[in-house]
Amino acid sequence: MLRDRRIAGLLLGDLLANVGTGMLLVAMPVQTFSLHGDVPKAIAIGLVEAAPFVLSTVLALAIGLGRVRVPPRALLVADCVLRSLTFAVLGVLAVTGLLTLPLLVAGLLFGATFRLAGSSSRRLLATSAAGEAGRFSVNGLLGLNTTFALYIAGPVLGGVLVATAGAGFALFVDAGGALVLLAATLACVPRGAGDRDALRDEGTHESGWRILRRRPVAARLLVVEFFFNFLYMPVEVALPLYVSGTLHAGASGLGVLWSALGVGAFLGAALVGRLRNLPQRPLLVAIIGLWALCPIALAVTGDLTVALLVFGLGGLVYAPFTPVAYSFLQSGLAPGEQQQVVTLWTTGSTVAAPLGLALGGPLIELAGSTGGLVLSGLLTLLLLPIAARAVLGRRTPEGNPICASA
């Protein structure tokens with residue numbers, strides 16, 4: 001019972017922290033529009049969206065590829081403290097009119113240093129507390145948290161806040177969410193829990209990559225997920241311009257569109273538990289193909305209602321991907337291998353974000369918002385046969401634990 005309460009407390013803190021982050025999906029493009037100056041809008045949005053991933057990727061790669069082990073609890077606490085302090089300062093600068101584009105990019109860059117390490121630590125702490133039997137369910141609940149907070153509650157509240165108070169106030173909310181998660185972590189994860197859960201097994205001195213090389217399907221799936229995320233990121237650059245240009249809507253329209261994705265993703269995440277008995281590899285490949293149709297369909301409609309329906313269906317098919325992929329990965333890992341591999345996996349899949357955003361800015365500037373959406377979808381469709389061959393084409397040696405959920 002105590003274990004269940006601790007998991008519930010950590011999940012609640014994760015949910016509330018993600019609401020603040022979801023508000024930034026709407027607020028930061030609006031804030032960027034007011035600061036971009038001579039920098040083209042698409043380039044400025046790409047810089048702002050990419051900044052939180054740069055230093056966090058370097059740190060997470062050091063953990064995933066190296067042999068130094070840092071307790072997940074300590075990483076999560078560091079993430080919460082740094083994020084709350086930095087984003088509060090950015091909020092003060094924004095509401096006092098002192099914020100500039102370079103300051104915003106620098107603040108997001110520094111304040112999110114522990115972002116990826118903290119994200120993988122949340123998952124490690126929650127799934128290790130749940131044990132092997134509850135891992136799939138907890139991964140599903142983490143996915144449910146993310147979709148509801150990032151794409152439903154966060155964007156709606158962000159749109160309201162931007163319209164009534166200003167985009168800069170969303171930074172205060174995100175800082176407050178980090179403090180809530182900090183309190184949940186300190187209260188629900190006892191000091192030294194990482195040792196008791198064997199997340200830092202002293203007998204394990206291998207890097208995450210070396211461990212993954214023994215599980216070739218998981219390694220190939222990581223490469224597929226990298227390109228899946230990479231080809232998605234231009235959508236995030238195009239969407240604010242698509243909403244303001246093609247749909248002729250403002251911040252509230254952008255918030256509603258993200259919320260439509262969130263509603264679909266919430267339903268998809270809620271169905272994850274029903275998918276656990278399906279073949280996991282074909283399911284992951286099918287998700288890639290179905291999502292690819294979403295940006296293409298968005299590009300050919302100029303109606304907000306139709307766009308909401310399309311983006312909602314996109315969220316529905318995409319949502320199961322992350323919890324299914326993580327459960328598939330973790331099912332073949334010993335407890336002492338979890339931190340380095342999960343951190344490396346999180347980093348490898350997420351490092352696609354700054355790279356995709358860096359590409360997305362010039363791409364959208366040249367092709368326009370609708371052209372960029374079409375290219376994103378078409379390139380993702382081209383990834384489909386590669387993903388099928390990588391994930392379905394070859395089998396791991398019989399008896400490898402990673403095949404258990406295949």
# chains A, B, ... in the order shown; residues from 1 in each chain; ligands from 1
$ residues_around --residues "region 249-264 of chain A" --least-positions-apart "5" --cutoff "10 Å" --atoms "only C-alpha atoms" --output "VMD selection string"
chain A and resid 22 to 23 25 to 27 29 to 30 144 146 to 163 167 239 to 244 269 to 270 304 to 305 307 to 319
$ write_last_selection --atoms "C-alpha atoms" --output "short mmCIF file (atom, residue, chain, number, x, y, z; two decimals), in the first residue's frame"
data_model
loop_
_atom_site.label_atom_id
_atom_site.label_comp_id
_atom_site.auth_asym_id
_atom_site.auth_seq_id
_atom_site.Cartn_x
_atom_site.Cartn_y
_atom_site.Cartn_z
CA GLY A 22 2.31 22.07 -22.00
CA MET A 23 1.44 25.73 -21.52
CA LEU A 25 3.83 24.89 -26.27
CA VAL A 26 1.45 27.79 -26.87
CA ALA A 27 3.19 30.56 -24.95
CA PRO A 29 5.85 30.70 -30.02
CA VAL A 30 3.78 33.77 -29.08
CA LEU A 144 -1.36 9.22 -20.12
CA THR A 146 2.19 13.34 -20.74
CA THR A 147 -0.61 13.42 -23.28
CA PHE A 148 -3.18 14.92 -20.93
CA ALA A 149 -0.86 17.55 -19.48
CA LEU A 150 1.17 18.46 -22.56
CA TYR A 151 -1.56 18.37 -25.15
CA ILE A 152 -4.91 18.89 -23.38
CA ALA A 153 -4.74 20.84 -20.12
CA GLY A 154 -1.48 22.65 -20.82
CA PRO A 155 -2.30 24.13 -24.25
CA VAL A 156 -5.85 25.13 -23.23
CA LEU A 157 -4.63 26.85 -20.08
CA GLY A 158 -1.68 28.29 -21.99
CA GLY A 159 -3.98 29.81 -24.61
CA VAL A 160 -6.17 31.35 -21.92
CA LEU A 161 -3.18 32.70 -20.01
CA VAL A 162 -1.57 34.18 -23.12
CA ALA A 163 -4.85 35.87 -24.11
CA ALA A 167 2.94 34.72 -22.70
CA LEU A 239 2.11 24.62 -36.69
CA PRO A 240 2.14 28.20 -35.29
CA LEU A 241 2.58 29.58 -38.81
CA TYR A 242 -0.05 27.21 -40.20
CA VAL A 243 -2.54 28.28 -37.56
CA SER A 244 -1.96 32.01 -38.03
CA ALA A 269 -2.83 6.24 -24.05
CA ALA A 270 -5.88 5.00 -22.14
CA LEU A 304 -10.05 24.62 -38.29
CA THR A 305 -12.72 22.03 -37.50
CA ALA A 307 -7.75 20.28 -38.70
CA LEU A 308 -8.90 19.52 -35.13
CA LEU A 309 -10.31 16.17 -36.24
CA VAL A 310 -7.15 15.26 -38.15
CA PHE A 311 -4.81 16.22 -35.33
CA GLY A 312 -7.00 14.38 -32.82
CA LEU A 313 -6.79 11.18 -34.87
CA GLY A 314 -3.03 11.71 -35.14
CA GLY A 315 -2.78 11.83 -31.36
CA LEU A 316 -4.90 8.68 -31.05
CA VAL A 317 -2.58 6.59 -33.21
CA TYR A 318 0.68 8.10 -31.93
CA ALA A 319 0.08 7.91 -28.17
#
$ residues_around --residues "Leu93 (chain A)" --least-positions-apart "2" --cutoff "12 Å" --atoms "only C-alpha atoms" --output "list in words"
Gln31, Thr86, Phe87, Ala88, Val89, Leu90, Gly91, Val95, Thr96, Gly97, Leu98, Leu99, Thr100, Leu101, Leu103, Leu104, Gly107, Ala167, Gly168, Phe169, Leu171 and Phe172 of chain A
$ atom_distance --atom1 "CA of Glu337 (chain A)" --atom2 "CA of Leu186 (chain A)"
24.3 Å
$ closest_residue --among "A:Leu61, A:Cys188, A:Val237, A:Ala170" --to "Pro354 (chain A)" --atoms "only C-alpha atoms"
A:Val237
$ atom_distance --atom1 "CA of Leu182 (chain A)" --atom2 "CA of Gly64 (chain A)"
23.3 Å
$ closest_atom_pairs --of "region 73-187 of chain A" --to "region 38-60 of chain A" --cutoff "9 Å" --atoms "only C-alpha atoms" --output "Markdown table"
| residue | atom | partner | partner_atom | distance |
| --- | --- | --- | --- | --- |
| A:Leu101 | CA | A:Ala44 | CA | 8.0 |
| A:Leu104 | CA | A:Val48 | CA | 7.3 |
| A:Val105 | CA | A:Val48 | CA | 5.4 |
| A:Ala106 | CA | A:Ala51 | CA | 7.4 |
| A:Gly107 | CA | A:Ala51 | CA | 8.5 |
| A:Leu108 | CA | A:Pro52 | CA | 5.1 |
| A:Leu109 | CA | A:Ala51 | CA | 4.6 |
| A:Phe110 | CA | A:Leu55 | CA | 7.0 |
| A:Gly111 | CA | A:Pro52 | CA | 7.4 |
| A:Ala112 | CA | A:Pro52 | CA | 5.1 |
| A:Thr113 | CA | A:Ser56 | CA | 4.2 |
| A:Phe114 | CA | A:Ser56 | CA | 5.3 |
| A:Arg115 | CA | A:Ser56 | CA | 5.6 |
| A:Leu116 | CA | A:Ser56 | CA | 5.7 |
| A:Ala117 | CA | A:Ala60 | CA | 5.4 |
$ residues_around --residues "Ile7 (chain A)" --least-positions-apart "5" --cutoff "8 Å" --atoms "only C-alpha atoms" --output "number ranges by chain"
A: 126, 129-130, 188
$ write_last_selection --atoms "C-alpha atoms" --output "short mmCIF file (atom, residue, chain, number, x, y, z; two decimals), in the first residue's frame"
data_model
loop_
_atom_site.label_atom_id
_atom_site.label_comp_id
_atom_site.auth_asym_id
_atom_site.auth_seq_id
_atom_site.Cartn_x
_atom_site.Cartn_y
_atom_site.Cartn_z
CA ALA A 126 8.17 4.88 -11.10
CA ALA A 129 8.80 0.92 -7.66
CA ALA A 130 6.03 -0.88 -9.58
CA CYS A 188 7.56 9.92 -2.31
#
$ closest_residue --among "A:Leu344, A:Leu142, A:Leu333, A:Leu293" --to "Leu373 (chain A)" --atoms "only C-alpha atoms"
A:Leu293
$ select_by_dssp --residues "region 30-126 of chain A" --states "alpha helix (DSSP H)" --output "ChimeraX atom specification"
/A:30-33,41-65,72-95,101-111,115-126
$ closest_residue --among "A:Val235, A:Val285, A:Ala78, A:Leu378" --to "Gly356 (chain A)" --atoms "only C-alpha atoms"
A:Val235
$ closest_residue --among "A:Phe136, A:Phe266, A:Trp291, A:Tyr326" --to "Ala218 (chain A)" --atoms "only C-alpha atoms"
A:Tyr326
$ closest_residue --among "A:Val138, A:Leu181, A:Met233, A:Leu10" --to "Gly361 (chain A)" --atoms "only C-alpha atoms"
A:Met233
$ closest_residue --among "A:Gly176, A:Gly143, A:Pro190, A:Gly118" --to "Phe321 (chain A)" --atoms "only C-alpha atoms"
A:Gly143
$ residues_around --residues "Ala387 (chain A)" --least-positions-apart "5" --cutoff "12 Å" --atoms "only C-alpha atoms" --output "list in words"
Val217, Arg220, Leu221, Leu222, Val223, Val224, Glu225, Phe226, Phe227, Phe228, Arg281, Pro282, Leu283, Leu284, Val285, Ala286, Ile287, Ile288, Gly289, Thr380, Leu381, Leu382, Leu392, Gly393 and Arg394 of chain A
$ write_last_selection --atoms "N, CA, C and O atoms" --output "tab-separated table (two decimals), in the first residue's frame"
chain	number	residue	atom	x	y	z
A	217	VAL	N	17.44	-5.92	-31.82
A	217	VAL	CA	16.14	-5.37	-32.19
A	217	VAL	C	15.90	-4.05	-31.48
A	217	VAL	O	15.44	-3.07	-32.08
A	220	ARG	N	18.09	-1.37	-33.12
A	220	ARG	CA	17.55	-0.91	-34.41
A	220	ARG	C	16.28	-0.09	-34.21
A	220	ARG	O	16.04	0.89	-34.93
A	221	LEU	N	15.48	-0.47	-33.23
A	221	LEU	CA	14.26	0.29	-32.95
A	221	LEU	C	14.61	1.70	-32.48
A	221	LEU	O	13.90	2.67	-32.80
A	222	LEU	N	15.69	1.84	-31.73
A	222	LEU	CA	16.13	3.16	-31.30
A	222	LEU	C	16.47	4.04	-32.51
A	222	LEU	O	16.12	5.22	-32.55
A	223	VAL	N	17.14	3.46	-33.49
A	223	VAL	CA	17.47	4.22	-34.71
A	223	VAL	C	16.20	4.63	-35.44
A	223	VAL	O	16.06	5.77	-35.90
A	224	VAL	N	15.24	3.72	-35.52
A	224	VAL	CA	13.96	4.03	-36.17
A	224	VAL	C	13.24	5.14	-35.42
A	224	VAL	O	12.72	6.09	-36.03
A	225	GLU	N	13.22	5.04	-34.08
A	225	GLU	CA	12.54	6.07	-33.31
A	225	GLU	C	13.22	7.43	-33.46
A	225	GLU	O	12.56	8.47	-33.49
A	226	PHE	N	14.54	7.43	-33.56
A	226	PHE	CA	15.26	8.68	-33.78
A	226	PHE	C	14.74	9.38	-35.04
A	226	PHE	O	14.40	10.57	-35.03
A	227	PHE	N	14.68	8.65	-36.14
A	227	PHE	CA	14.25	9.28	-37.39
A	227	PHE	C	12.76	9.59	-37.38
A	227	PHE	O	12.32	10.57	-38.01
A	228	PHE	N	11.98	8.80	-36.67
A	228	PHE	CA	10.55	9.10	-36.53
A	228	PHE	C	10.37	10.45	-35.84
A	228	PHE	O	9.62	11.32	-36.32
A	281	ARG	N	6.11	-5.44	-32.11
A	281	ARG	CA	6.89	-4.91	-33.22
A	281	ARG	C	5.99	-4.43	-34.37
A	281	ARG	O	6.15	-3.30	-34.85
A	282	PRO	N	5.04	-5.26	-34.86
A	282	PRO	CA	4.15	-4.77	-35.92
A	282	PRO	C	3.34	-3.55	-35.48
A	282	PRO	O	3.06	-2.66	-36.29
A	283	LEU	N	2.97	-3.51	-34.21
A	283	LEU	CA	2.20	-2.37	-33.70
A	283	LEU	C	3.01	-1.08	-33.81
A	283	LEU	O	2.49	-0.05	-34.25
A	284	LEU	N	4.28	-1.12	-33.44
A	284	LEU	CA	5.12	0.07	-33.51
A	284	LEU	C	5.30	0.54	-34.95
A	284	LEU	O	5.27	1.74	-35.23
A	285	VAL	N	5.46	-0.39	-35.88
A	285	VAL	CA	5.61	-0.03	-37.29
A	285	VAL	C	4.31	0.58	-37.82
A	285	VAL	O	4.32	1.57	-38.56
A	286	ALA	N	3.16	0.01	-37.44
A	286	ALA	CA	1.87	0.53	-37.90
A	286	ALA	C	1.63	1.95	-37.42
A	286	ALA	O	1.08	2.78	-38.15
A	287	ILE	N	2.05	2.24	-36.20
A	287	ILE	CA	1.88	3.59	-35.66
A	287	ILE	C	2.62	4.61	-36.52
A	287	ILE	O	2.11	5.69	-36.81
A	288	ILE	N	3.83	4.28	-36.94
A	288	ILE	CA	4.62	5.19	-37.77
A	288	ILE	C	3.88	5.51	-39.07
A	288	ILE	O	3.79	6.67	-39.48
A	289	GLY	N	3.36	4.48	-39.72
A	289	GLY	CA	2.66	4.69	-40.98
A	289	GLY	C	1.40	5.52	-40.83
A	289	GLY	O	1.12	6.41	-41.65
A	380	THR	N	8.22	10.66	-43.59
A	380	THR	CA	7.87	9.64	-42.59
A	380	THR	C	7.32	8.39	-43.28
A	380	THR	O	7.60	7.26	-42.85
A	381	LEU	N	6.56	8.56	-44.35
A	381	LEU	CA	6.09	7.40	-45.12
A	381	LEU	C	7.26	6.64	-45.73
A	381	LEU	O	7.24	5.41	-45.79
A	382	LEU	N	8.28	7.36	-46.18
A	382	LEU	CA	9.47	6.70	-46.72
A	382	LEU	C	10.22	5.93	-45.63
A	382	LEU	O	10.94	4.97	-45.93
A	392	LEU	N	11.11	-5.80	-38.10
A	392	LEU	CA	10.44	-7.07	-38.38
A	392	LEU	C	11.29	-8.03	-39.19
A	392	LEU	O	11.06	-9.23	-39.17
A	393	GLY	N	12.28	-7.49	-39.91
A	393	GLY	CA	12.98	-8.29	-40.91
A	393	GLY	C	13.91	-9.35	-40.35
A	393	GLY	O	14.10	-10.39	-40.94
A	394	ARG	N	14.52	-9.07	-39.19
A	394	ARG	CA	15.46	-10.03	-38.62
A	394	ARG	C	15.07	-10.31	-37.18
A	394	ARG	O	14.53	-9.47	-36.49
$ decode --residues "region 312-398 of chain A" --atoms "C-alpha atoms" --output "CSV table (one decimal), in the first residue's frame"
chain,number,residue,atom,x,y,z
A,312,GLY,CA,-7.0,14.4,-32.8
A,313,LEU,CA,-6.8,11.2,-34.9
A,314,GLY,CA,-3.0,11.7,-35.1
A,315,GLY,CA,-2.8,11.8,-31.4
A,316,LEU,CA,-4.9,8.7,-31.1
A,317,VAL,CA,-2.6,6.6,-33.2
A,318,TYR,CA,0.7,8.1,-31.9
A,319,ALA,CA,0.1,7.9,-28.2
A,320,PRO,CA,0.7,4.2,-27.6
A,321,PHE,CA,4.2,4.4,-29.3
A,322,THR,CA,6.2,5.6,-26.3
A,323,PRO,CA,4.8,3.4,-23.6
A,324,VAL,CA,4.9,0.3,-25.8
A,325,ALA,CA,8.5,1.0,-26.9
A,326,TYR,CA,9.7,1.6,-23.4
A,327,SER,CA,8.0,-1.6,-22.0
A,328,PHE,CA,9.4,-3.5,-25.0
A,329,LEU,CA,12.9,-2.2,-24.1
A,330,GLN,CA,12.8,-2.6,-20.4
A,331,SER,CA,11.4,-6.2,-20.5
A,332,GLY,CA,14.9,-7.4,-21.6
A,333,LEU,CA,17.0,-5.5,-19.1
A,334,ALA,CA,18.4,-6.5,-15.8
A,335,PRO,CA,17.8,-4.1,-12.9
A,336,GLY,CA,21.4,-2.9,-13.0
A,337,GLU,CA,21.2,-2.1,-16.7
A,338,GLN,CA,18.1,0.1,-16.5
A,339,GLN,CA,19.5,3.5,-15.8
A,340,GLN,CA,22.2,3.7,-18.5
A,341,VAL,CA,20.0,2.0,-21.2
A,342,VAL,CA,16.8,4.0,-20.5
A,343,THR,CA,18.8,7.2,-20.3
A,344,LEU,CA,20.6,6.4,-23.6
A,345,TRP,CA,17.3,5.4,-25.2
A,346,THR,CA,15.6,8.6,-24.0
A,347,THR,CA,18.5,10.7,-25.2
A,348,GLY,CA,18.8,8.9,-28.6
A,349,SER,CA,15.1,9.4,-29.3
A,350,THR,CA,14.9,12.9,-28.0
A,351,VAL,CA,18.2,14.2,-29.5
A,352,ALA,CA,16.2,14.1,-32.8
A,353,ALA,CA,14.2,17.1,-31.5
A,354,PRO,CA,16.9,19.8,-31.7
A,355,LEU,CA,18.2,18.4,-34.9
A,356,GLY,CA,14.7,18.2,-36.4
A,357,LEU,CA,13.9,21.7,-35.2
A,358,ALA,CA,17.2,23.0,-36.7
A,359,LEU,CA,16.2,21.5,-40.0
A,360,GLY,CA,12.6,22.6,-39.6
A,361,GLY,CA,13.3,26.3,-39.4
A,362,PRO,CA,15.0,26.7,-42.8
A,363,LEU,CA,12.7,24.0,-44.3
A,364,ILE,CA,9.5,25.9,-43.3
A,365,GLU,CA,11.0,29.2,-44.3
A,366,LEU,CA,11.6,27.8,-47.8
A,367,ALA,CA,8.6,25.5,-48.3
A,368,GLY,CA,6.1,27.4,-46.2
A,369,SER,CA,4.0,25.9,-43.4
A,370,THR,CA,1.8,23.7,-45.6
A,371,GLY,CA,4.7,22.5,-47.8
A,372,GLY,CA,6.7,21.7,-44.7
A,373,LEU,CA,3.8,19.6,-43.3
A,374,VAL,CA,3.6,17.6,-46.5
A,375,LEU,CA,7.4,17.0,-46.6
A,376,SER,CA,7.3,15.8,-43.0
A,377,GLY,CA,4.5,13.3,-43.8
A,378,LEU,CA,6.1,12.1,-47.0
A,379,LEU,CA,9.5,11.5,-45.5
A,380,THR,CA,7.9,9.6,-42.6
A,381,LEU,CA,6.1,7.4,-45.1
A,382,LEU,CA,9.5,6.7,-46.7
A,383,LEU,CA,10.7,5.6,-43.3
A,384,LEU,CA,8.0,3.0,-43.1
A,385,PRO,CA,9.7,0.2,-45.2
A,386,ILE,CA,13.0,0.9,-43.5
A,387,ALA,CA,11.3,0.5,-40.1
A,388,ALA,CA,9.6,-2.6,-41.1
A,389,ARG,CA,12.8,-4.2,-42.3
A,390,ALA,CA,14.7,-3.0,-39.2
A,391,VAL,CA,12.2,-4.2,-36.6
A,392,LEU,CA,10.4,-7.1,-38.4
A,393,GLY,CA,13.0,-8.3,-40.9
A,394,ARG,CA,15.5,-10.0,-38.6
A,395,ARG,CA,15.0,-11.9,-35.4
A,396,THR,CA,17.2,-11.8,-32.3
A,397,PRO,CA,18.7,-15.1,-31.1
A,398,GLU,CA,16.2,-17.4,-29.5
